[in-house]
Protein chains: 2
Amino acid sequence: MQEMITVAVDAMGGDNAPNEIIKGCIQSINEDSNIKICLVGNNIIINEQLTKYTYNKEQVEVVDAKEIIETCEPPVMAIRRKKDSSLVKGLNLVKEKKADAFVSAGSTGAILAGGTFIVGRVKGVERPALAPLIPNKKGVSLLIDCGANVDSKPSYLVQYAKMGSIYYENVLGVKNPKVALINIGEEESKGNNLVKETYALLKDEDINFIGNIEARDIPEGKADILVCDAFVGNIILKYTEGFGLTLFSMLKQALMQDVRSKIGTLLLKPALKNFKKSLDYAEYGGVPLLGLEGLVVKTHGSADAKAIKNTIIQCKKYSDLKINEKIKHNF
Amino acid sequence: MQEMITVAVDAMGGDNAPNEIIKGCIQSINEDSNIKICLVGNNIIINEQLTKYTYNKEQVEVVDAKEIIETCEPPVMAIRRKKDSSLVKGLNLVKEKKADAFVSAGSTGAILAGGTFIVGRVKGVERPALAPLIPNKKGVSLLIDCGANVDSKPSYLVQYAKMGSIYYENVLGVKNPKVALINIGEEESKGNNLVKETYALLKDEDINFIGNIEARDIPEGKADILVCDAFVGNIILKYTEGFGLTLFSMLKQALMQDVRSKIGTLLLKPALKNFKKSLDYAEYGGVPLLGLEGLVVKTHGSADAKAIKNTIIQCKKYSDLKINEKIKHNF
């Protein structure tokens, strides 16, 4: 028999809250009877939404929280002051082991700060890291860190490499995944002080470190785990998103210029749709915050029901694979 | 009457040297009678190549240089030791005012080091910057710096913003171009120490500073000049190149999956070709090293005759517009 997992979900975070969030939660429990959801947020609004759906009542609990942390608020202060927010209450459920995971489409900064302060770091982990999957030609790479540690130390990056390896090996099922350090050249002597010092340390770690990777080789899928500080990670993540969307709209424009092209485009509609999907990183579910005592997952601010459902299913997998236990074991 | 300009060209640098380089030089003088070329490199090889073309002999001079600096060599040491290299001799021509500009498809590191040590910086400029144009939805943005200054100071970035504004305004003909600082959030409080300190300084400069730009907004063309340190610039530049190429090959794959799509793709061939061209940053010519006492331009390592020709024509424009004089005037 499979183990039951309880996922706390921030019903009030993100552009499509609470409707799409709640819809996604219901879809997840209707797909998997081993998932229980704690919907955290304004109980009046949530209960009203819930009447719209048919589902097993035992799989849903509502935890009332009357405050909302907005994305524009300074994260640390918001976490401290808004004790009755859906975000703080959800994180506390993980801390108190009442939930196995917490999912939110809300403020990234507040999730990072709250994850660290409320749930707490695994002993030995200096900084937790936000690690999204980005598309490449062969599949996906894990980009670590895209979080809050913008002025990183070499020792943080070494820990990201180790946590990323464990995550990738287990979730993607790739034995001994290839770890590369994002740099401006392939040679060991290249780069700024941070990457040069990190390179020297990574050589001695028990991971499959393949050296530096230049940004031009990232889309080719030359490495499974891409290690960098959060500033660089954030730039790559958001550039991937923006570039993909802009390219697609440029392509559409280029393809609608004359009758001949219009007919061609019409024929290509299904193929183009698939192509666009492969660029959409929301397809790959939520982004885990690695290195915490519990599972905290950030989903895209514009996450819809499908993205929320995917993320919850992903939490189940993460829990079944005991990834947190494996990270703890290595630190 | 137009002024004559002398461009020294490294005949031995780049993947396609010397054949494509020489071919590009000949194309440039056959297009513009106000350009004179100094071909720097092995005179036996160059003279043999030159017999293949018809051109005005007065527009070409050959300067013998028997050594070649390879891209794998440590730049500073190579510049010091290989005094008889095409790169060192070409840069010396600019230093001695025997040439107005130097163009090379060779080692970026050696061009940067040689530019600084041989040609020298404009008085007041702390670090010269490599500033390529990258494509966006509306046209192009200037990405500054993509050079060698991987551990930058805020004062360097402020100077990049000023030099970039002068360059963009003159070359692209855009009055008061928009300058943005690449950051991981739009708010002034966001980012690492470098960008936070730079933001504070940029507010007081006499440029059109529009604040921070997130990487996702770069492809939309929200800013004309994108300011960053060389590590970040290099990542964005190379990711743009790699992402564009990979996307295109993924797209092709997606479009050739069934008969319906194959017919569509055939109809779209001309439109797709135009689209690919708009992504190819080699189309935009060479990349100037701003802040030097003379004009030094790096072209892509795989530059062909057309790219070399475009770069030489671009040198003429740069010289006619007196951009270096304008930078000097501002420092």
# chains A, B, ... in the order shown; residues from 1 in each chain; ligands from 1

call {"tool": "closest_atom_pairs", "arguments": {"of": "chain A", "to": "chain B", "cutoff": "6 Å", "atoms": "only C-alpha atoms", "output": "CSV"}}
result
residue,atom,partner,partner_atom,distance
A:Val150,CA,B:Asn192,CA,5.2
A:Asp151,CA,B:Asn192,CA,5.7
A:Asn192,CA,B:Val150,CA,5.2
A:Ala215,CA,B:Tyr239,CA,4.7
A:Arg216,CA,B:Gly242,CA,4.0
A:Pro219,CA,B:Phe243,CA,5.6
A:Ile235,CA,B:Ala215,CA,5.3
A:Lys238,CA,B:Arg216,CA,4.6
A:Tyr239,CA,B:Arg216,CA,4.6
A:Gly242,CA,B:Arg216,CA,4.0
A:Phe243,CA,B:Pro219,CA,5.6
A:Ala254,CA,B:Ala271,CA,5.8
A:Leu255,CA,B:Ala271,CA,5.8
A:Ser261,CA,B:Leu268,CA,5.1
A:Gly264,CA,B:Gly264,CA,3.8
A:Leu267,CA,B:Gly264,CA,5.1
A:Leu268,CA,B:Ser261,CA,5.1
A:Ala271,CA,B:Ala254,CA,5.8

call {"tool": "write_last_selection", "arguments": {"atoms": "C-alpha atoms", "output": "tab-separated table (two decimals), in the first residue's frame"}}
result
chain	number	residue	atom	x	y	z
A	150	VAL	CA	22.73	36.78	-4.58
A	151	ASP	CA	26.11	37.26	-2.91
A	192	ASN	CA	35.38	35.54	-11.60
A	215	ALA	CA	26.03	29.52	-21.59
A	216	ARG	CA	25.92	28.66	-25.29
A	219	PRO	CA	20.47	24.61	-24.46
A	235	ILE	CA	19.01	35.83	-15.16
A	238	LYS	CA	13.98	34.58	-16.66
A	239	TYR	CA	15.82	35.02	-19.93
A	242	GLY	CA	11.28	35.81	-21.93
A	243	PHE	CA	13.33	34.64	-24.88
A	254	ALA	CA	7.39	36.11	-39.50
A	255	LEU	CA	5.07	33.27	-40.49
A	261	SER	CA	3.34	31.38	-45.28
A	264	GLY	CA	2.11	26.76	-44.20
A	267	LEU	CA	-0.64	23.15	-41.56
A	268	LEU	CA	1.96	23.50	-38.84
A	271	ALA	CA	3.59	20.96	-34.46

call {"tool": "select_by_dssp", "arguments": {"residues": "stretch 141-275 of chain A", "states": "strand (DSSP E or B)", "output": "PyMOL selection string"}}
result
chain A and resi 141-144+178-182+208-213+225-227

call {"tool": "write_last_selection", "arguments": {"atoms": "C-alpha atoms", "output": "PDB file, in the first residue's frame"}}
result
ATOM      1  CA  SER A 141      18.579  20.574 -16.724  1.00  0.00           C
ATOM      2  CA  LEU A 142      18.360  21.525 -13.061  1.00  0.00           C
ATOM      3  CA  LEU A 143      19.415  25.150 -12.565  1.00  0.00           C
ATOM      4  CA  ILE A 144      20.620  25.695  -9.007  1.00  0.00           C
ATOM      5  CA  LYS A 178      26.588  15.401 -14.926  1.00  0.00           C
ATOM      6  CA  VAL A 179      27.290  18.511 -12.854  1.00  0.00           C
ATOM      7  CA  ALA A 180      28.721  21.637 -14.495  1.00  0.00           C
ATOM      8  CA  LEU A 181      29.637  25.077 -13.231  1.00  0.00           C
ATOM      9  CA  ILE A 182      28.267  27.914 -15.351  1.00  0.00           C
ATOM     10  CA  ASN A 208      30.144  13.641 -11.442  1.00  0.00           C
ATOM     11  CA  PHE A 209      31.690  17.090 -11.952  1.00  0.00           C
ATOM     12  CA  ILE A 210      32.381  17.675 -15.659  1.00  0.00           C
ATOM     13  CA  GLY A 211      33.899  21.154 -15.307  1.00  0.00           C
ATOM     14  CA  ASN A 212      32.764  24.532 -16.588  1.00  0.00           C
ATOM     15  CA  ILE A 213      29.926  25.010 -19.039  1.00  0.00           C
ATOM     16  CA  ILE A 225      22.902  20.058 -13.139  1.00  0.00           C
ATOM     17  CA  LEU A 226      23.897  23.661 -13.769  1.00  0.00           C
ATOM     18  CA  VAL A 227      25.517  25.271 -10.725  1.00  0.00           C
TER      19      VAL A 227
END

call {"tool": "residues_around", "arguments": {"residues": "B:Lys317", "least_positions_apart": "2", "cutoff": "12 Å", "atoms": "only C-alpha atoms", "output": "ChimeraX atom specification"}}
result
/B:2-5,7,32,34-35,100-101,167,170-173,285,295,310-315,319-324

call {"tool": "atom_distance", "arguments": {"atom1": "atom CA of A:Gly115", "atom2": "atom CA of A:Met77"}}
result
13.8 Å

call {"tool": "residues_around", "arguments": {"residues": "A:Lys306", "least_positions_apart": "4", "cutoff": "12 Å", "atoms": "only C-alpha atoms", "output": "ChimeraX atom specification"}}
result
/A:16,20-28,31,282-286,299-300,302,310-313

call {"tool": "write_last_selection", "arguments": {"atoms": "N, CA and C atoms", "output": "PDB file, in the first residue's frame"}}
result
ATOM      1  N   ASN A  16      -3.718  33.707 -10.068  1.00  0.00           N
ATOM      2  CA  ASN A  16      -4.996  33.039 -10.313  1.00  0.00           C
ATOM      3  C   ASN A  16      -5.646  32.482  -9.047  1.00  0.00           C
ATOM      4  N   GLU A  20      -8.157  29.015  -9.433  1.00  0.00           N
ATOM      5  CA  GLU A  20      -7.360  28.009 -10.138  1.00  0.00           C
ATOM      6  C   GLU A  20      -6.588  27.116  -9.156  1.00  0.00           C
ATOM      7  N   ILE A  21      -6.189  27.699  -8.055  1.00  0.00           N
ATOM      8  CA  ILE A  21      -5.431  26.938  -7.051  1.00  0.00           C
ATOM      9  C   ILE A  21      -6.322  25.815  -6.504  1.00  0.00           C
ATOM     10  N   ILE A  22      -7.525  26.193  -6.112  1.00  0.00           N
ATOM     11  CA  ILE A  22      -8.452  25.215  -5.527  1.00  0.00           C
ATOM     12  C   ILE A  22      -8.834  24.149  -6.562  1.00  0.00           C
ATOM     13  N   LYS A  23      -9.055  24.598  -7.783  1.00  0.00           N
ATOM     14  CA  LYS A  23      -9.392  23.672  -8.865  1.00  0.00           C
ATOM     15  C   LYS A  23      -8.273  22.641  -9.051  1.00  0.00           C
ATOM     16  N   GLY A  24      -7.029  23.112  -9.027  1.00  0.00           N
ATOM     17  CA  GLY A  24      -5.875  22.216  -9.185  1.00  0.00           C
ATOM     18  C   GLY A  24      -5.782  21.211  -8.039  1.00  0.00           C
ATOM     19  N   CYS A  25      -6.086  21.669  -6.830  1.00  0.00           N
ATOM     20  CA  CYS A  25      -6.053  20.781  -5.664  1.00  0.00           C
ATOM     21  C   CYS A  25      -7.065  19.646  -5.834  1.00  0.00           C
ATOM     22  N   ILE A  26      -8.266  20.001  -6.252  1.00  0.00           N
ATOM     23  CA  ILE A  26      -9.317  18.997  -6.430  1.00  0.00           C
ATOM     24  C   ILE A  26      -8.911  17.997  -7.515  1.00  0.00           C
ATOM     25  N   GLN A  27      -8.344  18.516  -8.599  1.00  0.00           N
ATOM     26  CA  GLN A  27      -7.878  17.624  -9.674  1.00  0.00           C
ATOM     27  C   GLN A  27      -6.843  16.627  -9.148  1.00  0.00           C
ATOM     28  N   SER A  28      -5.966  17.101  -8.271  1.00  0.00           N
ATOM     29  CA  SER A  28      -4.907  16.210  -7.768  1.00  0.00           C
ATOM     30  C   SER A  28      -5.470  15.088  -6.898  1.00  0.00           C
ATOM     31  N   GLU A  31      -7.206  12.479  -8.809  1.00  0.00           N
ATOM     32  CA  GLU A  31      -6.288  11.641  -9.580  1.00  0.00           C
ATOM     33  C   GLU A  31      -5.558  10.655  -8.669  1.00  0.00           C
ATOM     34  N   ALA A 282       6.623  26.082 -17.025  1.00  0.00           N
ATOM     35  CA  ALA A 282       5.538  25.790 -16.087  1.00  0.00           C
ATOM     36  C   ALA A 282       5.063  24.343 -16.251  1.00  0.00           C
ATOM     37  N   GLU A 283       5.308  23.789 -17.455  1.00  0.00           N
ATOM     38  CA  GLU A 283       4.935  22.402 -17.715  1.00  0.00           C
ATOM     39  C   GLU A 283       5.661  21.428 -16.784  1.00  0.00           C
ATOM     40  N   TYR A 284       6.849  21.857 -16.338  1.00  0.00           N
ATOM     41  CA  TYR A 284       7.653  20.952 -15.532  1.00  0.00           C
ATOM     42  C   TYR A 284       7.308  21.006 -14.037  1.00  0.00           C
ATOM     43  N   GLY A 285       6.184  21.633 -13.697  1.00  0.00           N
ATOM     44  CA  GLY A 285       5.737  21.647 -12.314  1.00  0.00           C
ATOM     45  C   GLY A 285       6.413  22.725 -11.489  1.00  0.00           C
ATOM     46  N   GLY A 286       6.373  22.570 -10.164  1.00  0.00           N
ATOM     47  CA  GLY A 286       6.889  23.592  -9.263  1.00  0.00           C
ATOM     48  C   GLY A 286       8.386  23.491  -9.056  1.00  0.00           C
ATOM     49  N   THR A 299       5.498  27.581  -7.030  1.00  0.00           N
ATOM     50  CA  THR A 299       5.047  27.454  -8.420  1.00  0.00           C
ATOM     51  C   THR A 299       5.024  28.837  -9.045  1.00  0.00           C
ATOM     52  N   HIS A 300       4.988  28.859 -10.354  1.00  0.00           N
ATOM     53  CA  HIS A 300       4.973  30.119 -11.095  1.00  0.00           C
ATOM     54  C   HIS A 300       3.809  30.988 -10.623  1.00  0.00           C
ATOM     55  N   SER A 302       1.882  32.753 -12.224  1.00  0.00           N
ATOM     56  CA  SER A 302       0.696  32.655 -13.076  1.00  0.00           C
ATOM     57  C   SER A 302       0.208  31.210 -13.215  1.00  0.00           C
ATOM     58  N   ASN A 310      -0.033  19.401 -11.185  1.00  0.00           N
ATOM     59  CA  ASN A 310       1.276  18.792 -11.460  1.00  0.00           C
ATOM     60  C   ASN A 310       2.226  18.928 -10.277  1.00  0.00           C
ATOM     61  N   THR A 311       2.195  20.090  -9.671  1.00  0.00           N
ATOM     62  CA  THR A 311       3.107  20.350  -8.552  1.00  0.00           C
ATOM     63  C   THR A 311       2.767  19.467  -7.359  1.00  0.00           C
ATOM     64  N   ILE A 312       1.492  19.290  -7.086  1.00  0.00           N
ATOM     65  CA  ILE A 312       1.077  18.452  -5.950  1.00  0.00           C
ATOM     66  C   ILE A 312       1.465  16.986  -6.203  1.00  0.00           C
ATOM     67  N   ILE A 313       1.234  16.520  -7.417  1.00  0.00           N
ATOM     68  CA  ILE A 313       1.625  15.142  -7.790  1.00  0.00           C
ATOM     69  C   ILE A 313       3.147  14.966  -7.624  1.00  0.00           C
TER      70      ILE A 313
END

call {"tool": "residues_around", "arguments": {"residues": "A:Asp145", "least_positions_apart": "4", "cutoff": "6 Å", "atoms": "only C-alpha atoms", "output": "NGL selection string"}}
result
:A and (129-131 or 228-230 or 233)

call {"tool": "select_by_dssp", "arguments": {"residues": "stretch 39-251 of chain B", "states": "helix (DSSP H, G or I)", "output": "PyMOL selection string"}}
result
chain B and resi 43-50+57-59+75-81+86-95+108-119+154-171+193-202+215-217+230-251

call {"tool": "atom_distance", "arguments": {"atom1": "atom CA of B:Lys222", "atom2": "atom CA of B:Asp206"}}
result
19.6 Å

call {"tool": "residues_around", "arguments": {"residues": "B:Pro18", "least_positions_apart": "2", "cutoff": "10 Å", "atoms": "only C-alpha atoms", "output": "MDAnalysis selection string"}}
result
chainID B and resid 10:16 20:23 39 41:42 45:46 49

call {"tool": "write_last_selection", "arguments": {"atoms": "N, CA and C atoms", "output": "PDB file, in the first residue's frame"}}
result
ATOM      1  N   ASP B  10      43.358  41.722 -39.062  1.00  0.00           N
ATOM      2  CA  ASP B  10      44.109  40.529 -38.673  1.00  0.00           C
ATOM      3  C   ASP B  10      43.763  39.402 -39.657  1.00  0.00           C
ATOM      4  N   ALA B  11      44.657  39.166 -40.593  1.00  0.00           N
ATOM      5  CA  ALA B  11      44.364  38.168 -41.635  1.00  0.00           C
ATOM      6  C   ALA B  11      44.430  36.740 -41.112  1.00  0.00           C
ATOM      7  N   MET B  12      45.030  36.560 -39.942  1.00  0.00           N
ATOM      8  CA  MET B  12      45.291  35.208 -39.451  1.00  0.00           C
ATOM      9  C   MET B  12      44.363  34.764 -38.307  1.00  0.00           C
ATOM     10  N   GLY B  13      43.473  35.637 -37.842  1.00  0.00           N
ATOM     11  CA  GLY B  13      42.629  35.301 -36.687  1.00  0.00           C
ATOM     12  C   GLY B  13      41.276  34.741 -37.090  1.00  0.00           C
ATOM     13  N   GLY B  14      40.768  33.749 -36.334  1.00  0.00           N
ATOM     14  CA  GLY B  14      39.424  33.237 -36.583  1.00  0.00           C
ATOM     15  C   GLY B  14      39.437  31.902 -37.315  1.00  0.00           C
ATOM     16  N   ASP B  15      38.294  31.233 -37.291  1.00  0.00           N
ATOM     17  CA  ASP B  15      38.179  29.892 -37.868  1.00  0.00           C
ATOM     18  C   ASP B  15      38.359  29.886 -39.384  1.00  0.00           C
ATOM     19  N   ASN B  16      38.009  30.988 -40.031  1.00  0.00           N
ATOM     20  CA  ASN B  16      38.020  31.003 -41.493  1.00  0.00           C
ATOM     21  C   ASN B  16      39.168  31.822 -42.081  1.00  0.00           C
ATOM     22  N   GLU B  20      38.575  33.674 -45.925  1.00  0.00           N
ATOM     23  CA  GLU B  20      37.340  34.472 -45.802  1.00  0.00           C
ATOM     24  C   GLU B  20      37.641  35.903 -45.355  1.00  0.00           C
ATOM     25  N   ILE B  21      38.666  36.048 -44.518  1.00  0.00           N
ATOM     26  CA  ILE B  21      39.025  37.382 -44.021  1.00  0.00           C
ATOM     27  C   ILE B  21      39.449  38.260 -45.208  1.00  0.00           C
ATOM     28  N   ILE B  22      40.328  37.710 -46.023  1.00  0.00           N
ATOM     29  CA  ILE B  22      40.834  38.473 -47.176  1.00  0.00           C
ATOM     30  C   ILE B  22      39.704  38.765 -48.171  1.00  0.00           C
ATOM     31  N   LYS B  23      38.873  37.783 -48.386  1.00  0.00           N
ATOM     32  CA  LYS B  23      37.731  37.958 -49.283  1.00  0.00           C
ATOM     33  C   LYS B  23      36.831  39.111 -48.796  1.00  0.00           C
ATOM     34  N   LEU B  39      46.349  44.576 -44.510  1.00  0.00           N
ATOM     35  CA  LEU B  39      46.220  43.164 -44.153  1.00  0.00           C
ATOM     36  C   LEU B  39      47.455  42.733 -43.373  1.00  0.00           C
ATOM     37  N   GLY B  41      49.618  39.877 -41.468  1.00  0.00           N
ATOM     38  CA  GLY B  41      49.779  38.432 -41.369  1.00  0.00           C
ATOM     39  C   GLY B  41      50.924  37.974 -42.258  1.00  0.00           C
ATOM     40  N   ASN B  42      51.017  36.684 -42.441  1.00  0.00           N
ATOM     41  CA  ASN B  42      52.074  36.099 -43.276  1.00  0.00           C
ATOM     42  C   ASN B  42      51.956  36.628 -44.704  1.00  0.00           C
ATOM     43  N   ILE B  45      51.459  34.092 -47.749  1.00  0.00           N
ATOM     44  CA  ILE B  45      50.089  33.555 -47.838  1.00  0.00           C
ATOM     45  C   ILE B  45      49.110  34.625 -48.324  1.00  0.00           C
ATOM     46  N   ILE B  46      49.220  35.813 -47.749  1.00  0.00           N
ATOM     47  CA  ILE B  46      48.283  36.890 -48.105  1.00  0.00           C
ATOM     48  C   ILE B  46      48.425  37.273 -49.585  1.00  0.00           C
ATOM     49  N   GLN B  49      46.846  34.778 -51.870  1.00  0.00           N
ATOM     50  CA  GLN B  49      45.385  34.897 -51.866  1.00  0.00           C
ATOM     51  C   GLN B  49      44.923  36.093 -52.696  1.00  0.00           C
TER      52      GLN B  49
END

call {"tool": "atom_distance", "arguments": {"atom1": "atom CA of B:Ile68", "atom2": "atom CA of B:Val88"}}
result
9.4 Å

call {"tool": "decode", "arguments": {"residues": "stretch 59-88 of chain B", "atoms": "C-alpha atoms", "output": "PDB file, in the first residue's frame"}}
result
ATOM      1  CA  GLN B  59      43.508  50.382 -51.366  1.00  0.00           C
ATOM      2  CA  VAL B  60      45.442  47.401 -50.001  1.00  0.00           C
ATOM      3  CA  GLU B  61      48.712  47.174 -48.117  1.00  0.00           C
ATOM      4  CA  VAL B  62      50.220  44.022 -46.637  1.00  0.00           C
ATOM      5  CA  VAL B  63      52.040  44.177 -43.301  1.00  0.00           C
ATOM      6  CA  ASP B  64      54.079  41.078 -42.649  1.00  0.00           C
ATOM      7  CA  ALA B  65      53.662  39.256 -39.323  1.00  0.00           C
ATOM      8  CA  LYS B  66      54.927  35.730 -38.964  1.00  0.00           C
ATOM      9  CA  GLU B  67      53.446  34.723 -35.581  1.00  0.00           C
ATOM     10  CA  ILE B  68      49.848  33.819 -34.735  1.00  0.00           C
ATOM     11  CA  ILE B  69      48.204  34.073 -31.300  1.00  0.00           C
ATOM     12  CA  GLU B  70      45.993  31.029 -30.738  1.00  0.00           C
ATOM     13  CA  THR B  71      42.714  31.263 -28.806  1.00  0.00           C
ATOM     14  CA  CYS B  72      43.956  28.766 -26.203  1.00  0.00           C
ATOM     15  CA  GLU B  73      46.978  30.883 -25.205  1.00  0.00           C
ATOM     16  CA  PRO B  74      46.941  32.924 -21.965  1.00  0.00           C
ATOM     17  CA  PRO B  75      46.173  36.385 -23.423  1.00  0.00           C
ATOM     18  CA  VAL B  76      48.514  38.668 -21.494  1.00  0.00           C
ATOM     19  CA  MET B  77      51.535  36.415 -21.914  1.00  0.00           C
ATOM     20  CA  ALA B  78      50.780  35.914 -25.625  1.00  0.00           C
ATOM     21  CA  ILE B  79      50.634  39.677 -26.190  1.00  0.00           C
ATOM     22  CA  ARG B  80      53.954  40.171 -24.397  1.00  0.00           C
ATOM     23  CA  ARG B  81      55.840  37.358 -26.097  1.00  0.00           C
ATOM     24  CA  LYS B  82      54.528  37.301 -29.661  1.00  0.00           C
ATOM     25  CA  LYS B  83      55.672  40.719 -30.857  1.00  0.00           C
ATOM     26  CA  ASP B  84      55.626  39.484 -34.459  1.00  0.00           C
ATOM     27  CA  SER B  85      52.008  38.269 -34.295  1.00  0.00           C
ATOM     28  CA  SER B  86      49.305  39.646 -36.594  1.00  0.00           C
ATOM     29  CA  LEU B  87      47.360  40.772 -33.537  1.00  0.00           C
ATOM     30  CA  VAL B  88      50.178  42.714 -31.845  1.00  0.00           C
TER      31      VAL B  88
END
